[in-house]
Every structure is written in C-alpha cells, then in structure tokens.
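input.txt follows; it contains compact mmCIF, C-alpha atoms.
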```txt
# COMPACT_ATOMS: atom_id res chain seq x y z
CA MET F 1 -19.09 18.17 1.14
CA GLY F 2 -22.54 19.53 0.33
CA CYS F 3 -21.16 23.05 0.73
CA ILE F 4 -18.52 22.30 -1.91
CA ILE F 5 -21.24 21.22 -4.35
CA LEU F 6 -23.18 24.41 -3.64
CA ALA F 7 -19.98 26.40 -4.17
CA CYS F 8 -19.54 24.73 -7.57
CA ASP F 9 -23.08 25.70 -8.53
CA ARG F 10 -22.40 29.28 -7.42
CA VAL F 11 -19.25 29.51 -9.51
CA ILE F 12 -21.02 28.25 -12.61
CA ALA F 13 -23.94 30.62 -12.07
CA SER F 14 -22.23 33.83 -11.01
CA GLY F 15 -18.57 33.50 -11.86
CA ARG F 16 -17.04 33.60 -8.39
CA LEU F 17 -17.58 32.81 -4.73
CA ASN F 18 -19.42 35.33 -2.62
CA ALA F 19 -18.04 36.63 0.67
CA GLY F 20 -19.90 34.04 2.73
CA GLU F 21 -18.59 31.16 0.64
CA MET F 22 -15.04 32.51 0.82
CA LYS F 23 -15.36 32.70 4.59
CA TRP F 24 -16.67 29.14 4.72
CA LEU F 25 -13.72 27.88 2.67
CA LEU F 26 -11.24 29.56 4.99
CA GLU F 27 -12.93 28.23 8.11
CA HIS F 28 -13.61 24.66 6.98
CA GLU F 29 -10.96 23.85 4.38
CA ALA F 30 -8.80 21.92 6.85
CA GLN F 31 -11.76 19.85 8.10
CA VAL F 32 -12.90 19.04 4.56
CA ARG F 33 -9.40 17.94 3.56
CA LEU F 34 -8.95 15.86 6.71
CA ALA F 35 -12.34 14.15 6.32
CA THR F 36 -11.60 13.33 2.67
CA PHE F 37 -8.15 12.01 3.54
CA LEU F 38 -9.40 9.79 6.37
CA LEU F 39 -12.26 8.40 4.30
CA VAL F 40 -10.06 7.52 1.30
CA PHE F 41 -7.22 6.23 3.49
CA ALA F 42 -9.55 3.96 5.47
CA ALA F 43 -11.29 2.64 2.35
CA LEU F 44 -8.05 1.85 0.52
CA SER F 45 -6.46 0.33 3.63
CA VAL F 46 -9.34 -2.14 3.82
CA LEU F 47 -9.51 -2.84 0.08
CA GLN F 48 -5.80 -3.62 -0.21
CA GLN F 49 -6.18 -6.22 2.53
CA PHE F 50 -8.80 -8.09 0.47
CA TRP F 51 -7.33 -7.58 -3.00
CA PRO F 52 -3.55 -7.15 -2.59
CA ARG F 53 -1.35 -6.93 -5.67
CA ARG F 54 1.78 -8.28 -3.96
CA ALA F 55 3.27 -9.02 -0.54
CA VAL F 56 4.35 -5.95 1.44
CA PRO F 57 7.21 -6.23 3.97
CA GLY F 58 7.50 -4.34 7.24
CA GLY F 59 4.12 -5.08 8.76
CA TRP F 60 2.20 -2.61 10.89
CA GLY F 61 5.39 -1.06 12.29
CA ARG F 62 6.32 0.30 8.86
CA PHE F 63 2.73 1.42 8.32
CA ALA F 64 2.70 3.31 11.63
CA THR F 65 6.07 4.97 10.91
CA ASN F 66 4.81 6.30 7.59
CA ILE F 67 1.74 7.73 9.30
CA ALA F 68 3.88 9.31 12.03
CA LEU F 69 6.03 11.00 9.37
CA VAL F 70 3.05 12.73 7.76
CA VAL F 71 1.75 13.82 11.17
CA VAL F 72 5.10 15.49 11.89
CA GLY F 73 5.19 17.09 8.44
CA THR F 74 1.63 18.41 8.65
CA ALA F 75 2.24 19.90 12.09
CA ILE F 76 5.37 21.71 10.88
CA LEU F 77 3.52 22.93 7.77
CA ARG F 78 0.74 24.48 9.86
CA VAL F 79 3.28 26.30 12.01
CA VAL F 80 5.42 27.63 9.15
CA PHE F 81 2.52 28.50 6.83
CA PRO F 82 -0.52 29.76 8.75
CA LEU F 83 -1.97 30.78 5.36
CA LEU F 84 -2.14 27.73 3.11
CA ALA F 85 -3.03 27.33 -0.57
CA VAL F 86 -6.80 27.75 -0.40
CA GLY F 87 -6.50 30.72 1.94
CA LEU F 88 -4.12 32.51 -0.43
CA ALA F 89 -6.40 31.82 -3.40
CA VAL F 90 -9.39 33.23 -1.51
CA ARG F 91 -7.48 36.43 -0.69
CA ILE F 92 -6.34 36.84 -4.29
CA GLU F 93 -9.88 36.42 -5.60
CA ALA F 94 -11.22 38.83 -2.99
CA GLY F 95 -8.67 41.35 -4.24
CA GLY F 96 -9.84 41.12 -7.83
CA GLY F 97 -8.29 37.87 -9.05
CA GLY F 98 -5.20 37.11 -11.10
CA LEU F 99 -4.29 36.07 -14.64
CA LEU F 100 -6.93 33.36 -14.83
CA GLY F 101 -9.63 35.67 -13.54
CA ALA F 102 -10.42 36.82 -17.07
CA LEU F 103 -11.57 33.34 -18.07
CA PRO F 104 -15.20 32.17 -17.77
CA PRO F 105 -15.73 30.57 -14.33
CA VAL F 106 -15.86 26.94 -15.42
CA ALA F 107 -12.83 27.42 -17.67
CA ALA F 108 -10.92 29.19 -14.87
CA VAL F 109 -11.48 26.28 -12.48
CA THR F 110 -10.68 23.63 -15.11
CA VAL F 111 -7.54 25.36 -16.35
CA GLY F 112 -6.43 26.04 -12.79
CA VAL F 113 -6.64 22.37 -11.82
CA ILE F 114 -4.83 21.25 -14.99
CA LEU F 115 -2.05 23.82 -14.53
CA LEU F 116 -1.49 22.77 -10.92
CA ASP F 117 -1.26 19.16 -12.07
CA LEU F 118 1.30 20.11 -14.73
CA ILE F 119 3.31 22.11 -12.20
CA ILE F 120 3.45 19.21 -9.77
CA TYR F 121 4.61 16.93 -12.59
CA TRP F 122 7.60 19.18 -13.26
CA GLN F 123 8.20 19.64 -9.55
CA HIS F 124 8.40 15.87 -9.24
CA ARG F 125 10.93 15.66 -12.07
CA LEU F 126 13.09 18.34 -10.45
CA LEU F 127 13.03 16.43 -7.16
CA HIS F 128 14.68 13.57 -9.01
CA ARG F 129 17.05 15.70 -11.07
CA ILE F 130 18.53 18.14 -8.51
CA PRO F 131 20.76 16.31 -5.97
CA LEU F 132 19.82 18.49 -2.99
CA LEU F 133 16.11 18.04 -3.66
CA TRP F 134 16.56 14.32 -4.27
CA ARG F 135 17.94 13.97 -0.73
CA LEU F 136 14.55 15.13 0.54
CA HIS F 137 12.51 13.09 -1.90
CA ARG F 138 14.47 9.87 -1.45
CA VAL F 139 12.79 9.45 1.96
CA HIS F 140 9.67 8.64 -0.03
CA HIS F 141 11.52 6.23 -2.33
CA ALA F 142 13.44 4.52 0.46
CA ASP F 143 10.25 2.72 1.49
CA THR F 144 10.83 -0.99 0.82
CA GLY F 145 7.08 -1.57 0.70
CA PHE F 146 4.44 -0.09 -1.57
CA ASP F 147 0.99 0.46 -0.15
CA VAL F 148 -1.41 3.23 0.80
CA SER F 149 0.86 4.41 3.64
CA THR F 150 3.64 5.12 1.09
CA GLY F 151 1.34 7.82 -0.26
CA VAL F 152 1.87 9.93 2.86
CA ARG F 153 5.56 9.16 3.41
CA PHE F 154 7.25 12.48 2.63
CA HIS F 155 9.96 14.33 4.52
CA PRO F 156 8.63 17.47 6.27
CA PHE F 157 11.05 19.66 4.32
CA GLU F 158 9.71 18.27 1.04
CA ILE F 159 6.18 19.06 2.21
CA LEU F 160 7.29 22.64 2.95
CA LEU F 161 8.98 22.94 -0.45
CA SER F 162 5.86 21.67 -2.21
CA MET F 163 3.76 24.27 -0.42
CA ILE F 164 6.14 27.08 -1.40
CA ILE F 165 5.90 26.07 -5.06
CA LYS F 166 2.13 25.77 -4.86
CA LEU F 167 1.74 29.17 -3.20
CA GLY F 168 4.00 30.72 -5.83
CA ALA F 169 1.90 29.24 -8.63
CA ILE F 170 -1.34 30.48 -7.05
CA LEU F 171 0.13 33.94 -6.53
CA LEU F 172 1.49 34.16 -10.07
CA LEU F 173 -1.52 32.74 -11.90
CA GLY F 174 -4.35 33.79 -9.59
CA ILE F 175 -5.85 30.30 -9.51
CA ALA F 176 -9.46 30.25 -8.29
CA PRO F 177 -10.08 29.06 -4.70
CA LEU F 178 -12.43 26.31 -5.88
CA ALA F 179 -9.78 25.04 -8.32
CA VAL F 180 -7.21 24.98 -5.51
CA LEU F 181 -9.59 23.15 -3.18
CA ILE F 182 -10.51 20.59 -5.83
CA PHE F 183 -6.84 20.05 -6.61
CA GLU F 184 -5.88 19.69 -2.95
CA LEU F 185 -8.62 17.12 -2.36
CA ALA F 186 -7.71 15.25 -5.54
CA LEU F 187 -3.99 15.36 -4.74
CA SER F 188 -4.53 13.79 -1.34
CA ALA F 189 -6.83 11.09 -2.70
CA ALA F 190 -4.66 10.39 -5.75
CA SER F 191 -1.48 10.03 -3.70
CA LEU F 192 -3.22 7.38 -1.60
CA PHE F 193 -4.82 5.61 -4.57
CA THR F 194 -1.71 5.48 -6.77
CA HIS F 195 0.31 3.93 -3.94
CA ALA F 196 -2.34 1.42 -2.88
CA ASN F 197 -1.33 -2.24 -2.97
CA LEU F 198 -4.50 -2.93 -4.87
CA ARG F 199 -5.19 -5.47 -7.60
CA LEU F 200 -7.40 -3.90 -10.27
CA PRO F 201 -8.99 -5.86 -13.13
CA ALA F 202 -6.40 -5.82 -15.91
CA GLY F 203 -8.71 -4.53 -18.63
CA PHE F 204 -10.10 -1.77 -16.44
CA GLU F 205 -6.60 -0.74 -15.33
CA ARG F 206 -5.32 -0.51 -18.90
CA ARG F 207 -8.22 1.75 -19.90
CA LEU F 208 -8.02 3.86 -16.76
CA ARG F 209 -4.32 4.63 -17.15
CA TRP F 210 -4.91 6.27 -20.51
CA ILE F 211 -6.31 9.17 -18.50
CA PHE F 212 -5.32 8.75 -14.85
CA VAL F 213 -2.30 7.38 -13.00
CA THR F 214 -2.99 3.93 -11.55
CA PRO F 215 -1.17 1.97 -8.81
CA GLU F 216 0.18 -0.37 -11.50
CA MET F 217 1.64 2.56 -13.42
CA HIS F 218 3.06 4.35 -10.39
CA ARG F 219 4.57 1.20 -8.87
CA VAL F 220 7.12 1.25 -11.72
CA HIS F 221 8.28 4.61 -10.36
CA HIS F 222 9.19 2.91 -7.06
CA SER F 223 11.46 0.29 -8.64
CA TRP F 224 15.04 0.14 -7.38
CA HIS F 225 16.30 0.33 -10.98
CA ARG F 226 17.24 3.98 -11.48
CA ASP F 227 15.88 4.26 -15.02
CA GLU F 228 12.51 3.03 -13.78
CA THR F 229 12.61 5.31 -10.74
CA ASP F 230 13.10 8.21 -13.14
CA SER F 231 9.88 7.52 -15.02
CA ASN F 232 6.10 7.88 -14.51
CA PHE F 233 6.25 11.20 -12.64
CA SER F 234 2.58 12.15 -13.09
CA PHE F 235 0.26 12.45 -10.10
CA HIS F 236 -3.24 12.65 -11.62
CA LEU F 237 -3.25 12.83 -15.41
CA SER F 238 -1.04 10.20 -17.04
CA LEU F 239 -0.78 12.25 -20.23
CA TRP F 240 2.14 14.31 -18.89
CA ASP F 241 4.44 11.27 -18.92
CA ARG F 242 3.32 10.35 -22.41
CA LEU F 243 3.66 13.93 -23.62
CA PHE F 244 7.13 14.56 -22.14
CA GLY F 245 8.62 11.13 -22.82
CA THR F 246 8.84 9.78 -19.26
CA TYR F 247 6.20 7.05 -19.54
CA ARG F 248 7.18 3.44 -18.85
CA ASP F 249 4.55 0.78 -19.26
CA GLN F 250 5.89 -2.10 -17.15
CA PRO F 251 8.85 -2.85 -14.81
CA ARG F 252 11.48 -5.14 -16.32
CA ASP F 253 11.24 -7.58 -13.39
CA GLY F 254 7.44 -7.78 -13.35
CA HIS F 255 5.13 -6.33 -10.72
CA VAL F 256 5.22 -9.30 -8.36
CA GLN F 257 8.96 -9.91 -8.44
CA MET F 258 10.24 -6.34 -8.74
CA THR F 259 12.20 -4.86 -5.85
CA ILE F 260 10.65 -1.77 -4.30
CA GLY F 261 12.76 1.04 -2.83
CA LEU F 262 16.36 2.10 -3.25
CA GLN F 263 19.49 -0.02 -3.31
CA GLU F 264 20.49 1.80 -0.12
CA PHE F 265 18.69 2.38 3.20
CA ARG F 266 17.16 -1.09 3.23
CA GLU F 267 18.01 -2.12 6.79
CA ARG F 268 15.43 -2.00 9.55
CA ARG F 269 17.39 0.74 11.33
CA ASP F 270 17.06 2.92 8.19
CA GLN F 271 13.26 2.83 8.41
CA SER F 272 12.62 4.30 11.86
CA LEU F 273 10.99 7.72 12.20
CA ILE F 274 14.22 9.33 13.42
CA ALA F 275 16.21 7.70 10.61
CA LEU F 276 13.76 9.01 8.02
CA LEU F 277 13.90 12.54 9.42
CA LEU F 278 17.72 12.44 9.31
CA ASN F 279 17.99 10.64 5.97
CA PRO F 280 18.65 13.77 3.84
CA TRP F 281 21.88 14.34 5.75
CA ARG F 282 23.18 10.81 5.25
CA ALA F 283 25.60 9.83 2.50
CA GLY F 284 24.21 7.96 -0.47
CA ARG F 285 22.51 8.44 -3.81
```

Go through the file and emit its structure as structure tokens.
Amino acid sequence: MGCIILACDRVIASGRLNAGEMKWLLEHEAQVRLATFLLVFAALSVLQQFWPRRAVPGGWGRFATNIALVVVGTAILRVVFPLLAVGLAVRIEAGGGGLLGALPPVAAVTVGVILLDLIIYWQHRLLHRIPLLWRLHRVHHADTGFDVSTGVRFHPFEILLSMIIKLGAILLLGIAPLAVLIFELALSAASLFTHANLRLPAGFERRLRWIFVTPEMHRVHHSWHRDETDSNFSFHLSLWDRLFGTYRDQPRDGHVQMTIGLQEFRERRDQSLIALLLNPWRAGR
C-alpha cells in the first residue's frame, strides 16, 4: 500500500507514472487488490457479527456458497482476460495516453474515477432493464440473505460482462492507471460495505448517504418488491440515484421486516453453487 501512496505523490508531482511504477502496478496489482479485499471482508464479517442490522437466514452454508461463486468467477476471469483493467490502462498511458491525458494529473485521476463510477451506475441499470442481462444479474438478487457475502455473489458471466464494459471505457477514454487502480480497490471495498449486515448510528448513516451509498440505502435495492429492486443503483456515490431519479429512501416494509431476494428461487435447492451457476437458464423473472 505504501507503493500506491508513493505513486500518488509521483502523479501529483510529475503528471504520470514512470516506467518502474508502471511495471510495479502490472506485477503487484492482483496482490494489492486481494490484500485489500481480504482485509475489508474480514473486518466487515466480524463487525456484522457484533452489530447486526437484522437476522440473516442460511447460516454458514449460504456464506460459503457465495464465496465459492466469486472464486469460480475470478478464476474464469483470469483465464479469459489475461490483461485486466489496470494492465490495459498502463499500456495506454505508456503509449501516450487517451482523451483524459490532456487534463492535469490530479484532475485526470479524479475525473477518471468519477466517470467509472457513473458508467457502473448505468451498467447496473441496464442489468435490470434488459431481460437477457437480468438473467445473469438475478443470481445476485436471488440471495435471500443480505450480508457481506452478498457483495461477492455474482454470476461468472456477469463478472466477464462487467470487465468487458470496463475495458471498453478505459480504451475509449484513456483513464489513468492510478484512477483505475483506485476505482478497482474502492469498488471491491464498497461492494462489501454496502452489503454488510451492519447497524450504523442513524444520524451518521443519514449524513453519510448524502455522499456515499450505505448498507441501509442499498438494502432497499434487494427488496423483493420489484419497484424497490429497481431503485438505488449506485455503487459509490449516491448522487447518481438522486440525479437520475432512481433514489428510494426507505423500504415500504421497514428494514427489519422487509423480505430480501426475489419472489422466485427461494428454496434451499435454488441456493446451491450448481443451481446458481445454472440459474440464468432457468425460467422465471
């Protein structure tokens, strides 16, 4: 992590990463992301045991299945895309940069992170709007519990699709490697945090959600009422939902009593690893 801080200082001072820093990013990006993920996942897993917001069904079996799904998806991603987002950004910058390369370094990184966040907001909306894409994304929503493990419960094909969109955005806009790395680290941490079964102080949560998505805000998105499922699409910055009219403050049934998941795929047999991998090919909404 110290190397990332040094890289930030270098960008501010000179405008771009030098060859050695680019090489370091390529060689250590996976380790940095994994270390960040494990640290945040472990911390939130412990915290939600001490300060849970609501009861979560399924026990450790459900938890383990969600973890197994992300392991499968990550393995497939590494095979299909040997060059991931940070690697592509490094190559583009080494070749002279893209559209954002004309901006001052701090502005380029800031704008790059914000644009990626906006893109993932619209990607999320399309996953709900287009029936074929919804079949992939509903694996995430079919979880009948809501905790930190839900934050990694995505079908491998959705993970691949997300990477294709991200690579396209980086290629088109020439987003700086440091911006991509910051976004990737933040995306991983935010997905875990916003799904955590964590009770936050009410006043703090209300202030925090004016800028960032909170578990209380995102839980509404996992309601089994369709109009609530189709709301609160933001990942990091909550302003996108407010700006584009998809913000919903509270679930109609209340956070403790609301039903999490979909009205289908609620049986135990629907929640196994094999069932989740095959879910997109099953009939249903």

May I ask which of the residues F:Trp134, F:Phe265, F:Phe157, F:Phe146 is the closest one to F:Ala196, counting only C-alpha atoms? F:Phe146

Shortest interatomic distance to F:Ala202 - which of F:Pro215, F:Gly168, F:Gly95, F:Pro280, counting only C-alpha atoms: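 Answer, going by the shortest atom-to-atom distance: F:Pro215.
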
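The space between atom CA of F:Arg62 and atom CA of F:Asp143 spans 8.7 Å.
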
Write out as a PyMOL selection string the residues lying within 6 Å of stretch 210-212 of chain F, counting all atoms listed in the file and excluding same-chain residues fewer than 2 positions away. chain F and resi 207-208+236-238

Stretch 171-173 of chain F surroundings by only C-alpha atoms, 7 Å radius, close-in-sequence under 2 positions cut, as a PyMOL selection string: chain F and resi 98-100+167-169+175

Measuring between all atoms listed in the file, which one of F:Ala102, F:Leu69, F:Ala94, F:Ala176 shows the shortest distance to F:Leu278?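 Looking only at the distances to F:Leu278, the closest residue turns out to be F:Leu69.
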
Sort by chain and increasing residue number a table of all residues of stretch 130-244 of chain F within 8 Å of stretch 36-39 of chain F, each with its closest pair of atoms and their distance in Å to one decimal, counting only C-alpha atoms, and write it as a Markdown table.
```
| residue | atom | partner | partner_atom | distance |
| --- | --- | --- | --- | --- |
| F:Leu185 | CA | F:Thr36 | CA | 7.0 |
| F:Ser188 | CA | F:Phe37 | CA | 6.3 |
| F:Ala189 | CA | F:Phe37 | CA | 6.4 |
```

From the list F:Ala68, F:Glu93, F:Met258, F:Arg242, which residue is nearest F:Ala179 when using all atoms listed in the file?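 Comparing F:Ala68, F:Glu93, F:Met258, F:Arg242 against F:Ala179, the winner is F:Glu93.
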
Can you fill out stretch 214-231 of chain F with N, CA and C atoms and hand it back as a PDB file, in the coordinates of the input?
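What follows is the written file out34.pdb:
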```
ATOM      1  N   THR F 214      -2.490   5.068 -12.320  1.00  0.00           N
ATOM      2  CA  THR F 214      -2.990   3.930 -11.550  1.00  0.00           C
ATOM      3  C   THR F 214      -1.880   3.396 -10.647  1.00  0.00           C
ATOM      4  N   PRO F 215      -2.217   2.582  -9.645  1.00  0.00           N
ATOM      5  CA  PRO F 215      -1.170   1.970  -8.810  1.00  0.00           C
ATOM      6  C   PRO F 215      -0.183   1.155  -9.649  1.00  0.00           C
ATOM      7  N   GLU F 216      -0.689   0.456 -10.662  1.00  0.00           N
ATOM      8  CA  GLU F 216       0.180  -0.370 -11.500  1.00  0.00           C
ATOM      9  C   GLU F 216       1.185   0.495 -12.247  1.00  0.00           C
ATOM     10  N   MET F 217       0.754   1.642 -12.714  1.00  0.00           N
ATOM     11  CA  MET F 217       1.640   2.560 -13.420  1.00  0.00           C
ATOM     12  C   MET F 217       2.644   3.198 -12.464  1.00  0.00           C
ATOM     13  N   HIS F 218       2.174   3.638 -11.303  1.00  0.00           N
ATOM     14  CA  HIS F 218       3.060   4.350 -10.390  1.00  0.00           C
ATOM     15  C   HIS F 218       4.036   3.416  -9.685  1.00  0.00           C
ATOM     16  N   ARG F 219       3.662   2.144  -9.536  1.00  0.00           N
ATOM     17  CA  ARG F 219       4.570   1.200  -8.870  1.00  0.00           C
ATOM     18  C   ARG F 219       5.917   1.123  -9.602  1.00  0.00           C
ATOM     19  N   VAL F 220       5.885   1.253 -10.926  1.00  0.00           N
ATOM     20  CA  VAL F 220       7.120   1.250 -11.720  1.00  0.00           C
ATOM     21  C   VAL F 220       8.069   2.333 -11.219  1.00  0.00           C
ATOM     22  N   HIS F 221       7.517   3.470 -10.837  1.00  0.00           N
ATOM     23  CA  HIS F 221       8.280   4.610 -10.360  1.00  0.00           C
ATOM     24  C   HIS F 221       9.014   4.293  -9.047  1.00  0.00           C
ATOM     25  N   HIS F 222       8.571   3.273  -8.333  1.00  0.00           N
ATOM     26  CA  HIS F 222       9.190   2.910  -7.060  1.00  0.00           C
ATOM     27  C   HIS F 222      10.133   1.708  -7.185  1.00  0.00           C
ATOM     28  N   SER F 223      10.479   1.347  -8.409  1.00  0.00           N
ATOM     29  CA  SER F 223      11.460   0.290  -8.640  1.00  0.00           C
ATOM     30  C   SER F 223      12.842   0.733  -8.177  1.00  0.00           C
ATOM     31  N   TRP F 224      13.683  -0.241  -7.789  1.00  0.00           N
ATOM     32  CA  TRP F 224      15.040   0.140  -7.380  1.00  0.00           C
ATOM     33  C   TRP F 224      15.973   0.305  -8.575  1.00  0.00           C
ATOM     34  N   HIS F 225      15.520   0.022  -9.780  1.00  0.00           N
ATOM     35  CA  HIS F 225      16.300   0.330 -10.980  1.00  0.00           C
ATOM     36  C   HIS F 225      16.159   1.820 -11.272  1.00  0.00           C
ATOM     37  N   ARG F 226      17.272   2.517 -11.387  1.00  0.00           N
ATOM     38  CA  ARG F 226      17.240   3.980 -11.480  1.00  0.00           C
ATOM     39  C   ARG F 226      16.454   4.475 -12.689  1.00  0.00           C
ATOM     40  N   ASP F 227      16.595   3.788 -13.839  1.00  0.00           N
ATOM     41  CA  ASP F 227      15.880   4.260 -15.020  1.00  0.00           C
ATOM     42  C   ASP F 227      14.366   4.130 -14.842  1.00  0.00           C
ATOM     43  N   GLU F 228      13.934   3.165 -14.040  1.00  0.00           N
ATOM     44  CA  GLU F 228      12.510   3.030 -13.780  1.00  0.00           C
ATOM     45  C   GLU F 228      12.048   4.019 -12.709  1.00  0.00           C
ATOM     46  N   THR F 229      12.915   4.280 -11.735  1.00  0.00           N
ATOM     47  CA  THR F 229      12.610   5.310 -10.740  1.00  0.00           C
ATOM     48  C   THR F 229      12.407   6.660 -11.408  1.00  0.00           C
ATOM     49  N   ASP F 230      13.187   6.934 -12.429  1.00  0.00           N
ATOM     50  CA  ASP F 230      13.100   8.210 -13.140  1.00  0.00           C
ATOM     51  C   ASP F 230      12.108   8.120 -14.306  1.00  0.00           C
ATOM     52  N   SER F 231      10.947   7.594 -14.029  1.00  0.00           N
ATOM     53  CA  SER F 231       9.880   7.520 -15.020  1.00  0.00           C
ATOM     54  C   SER F 231       8.538   7.655 -14.299  1.00  0.00           C
TER      55      SER F 231
END
```
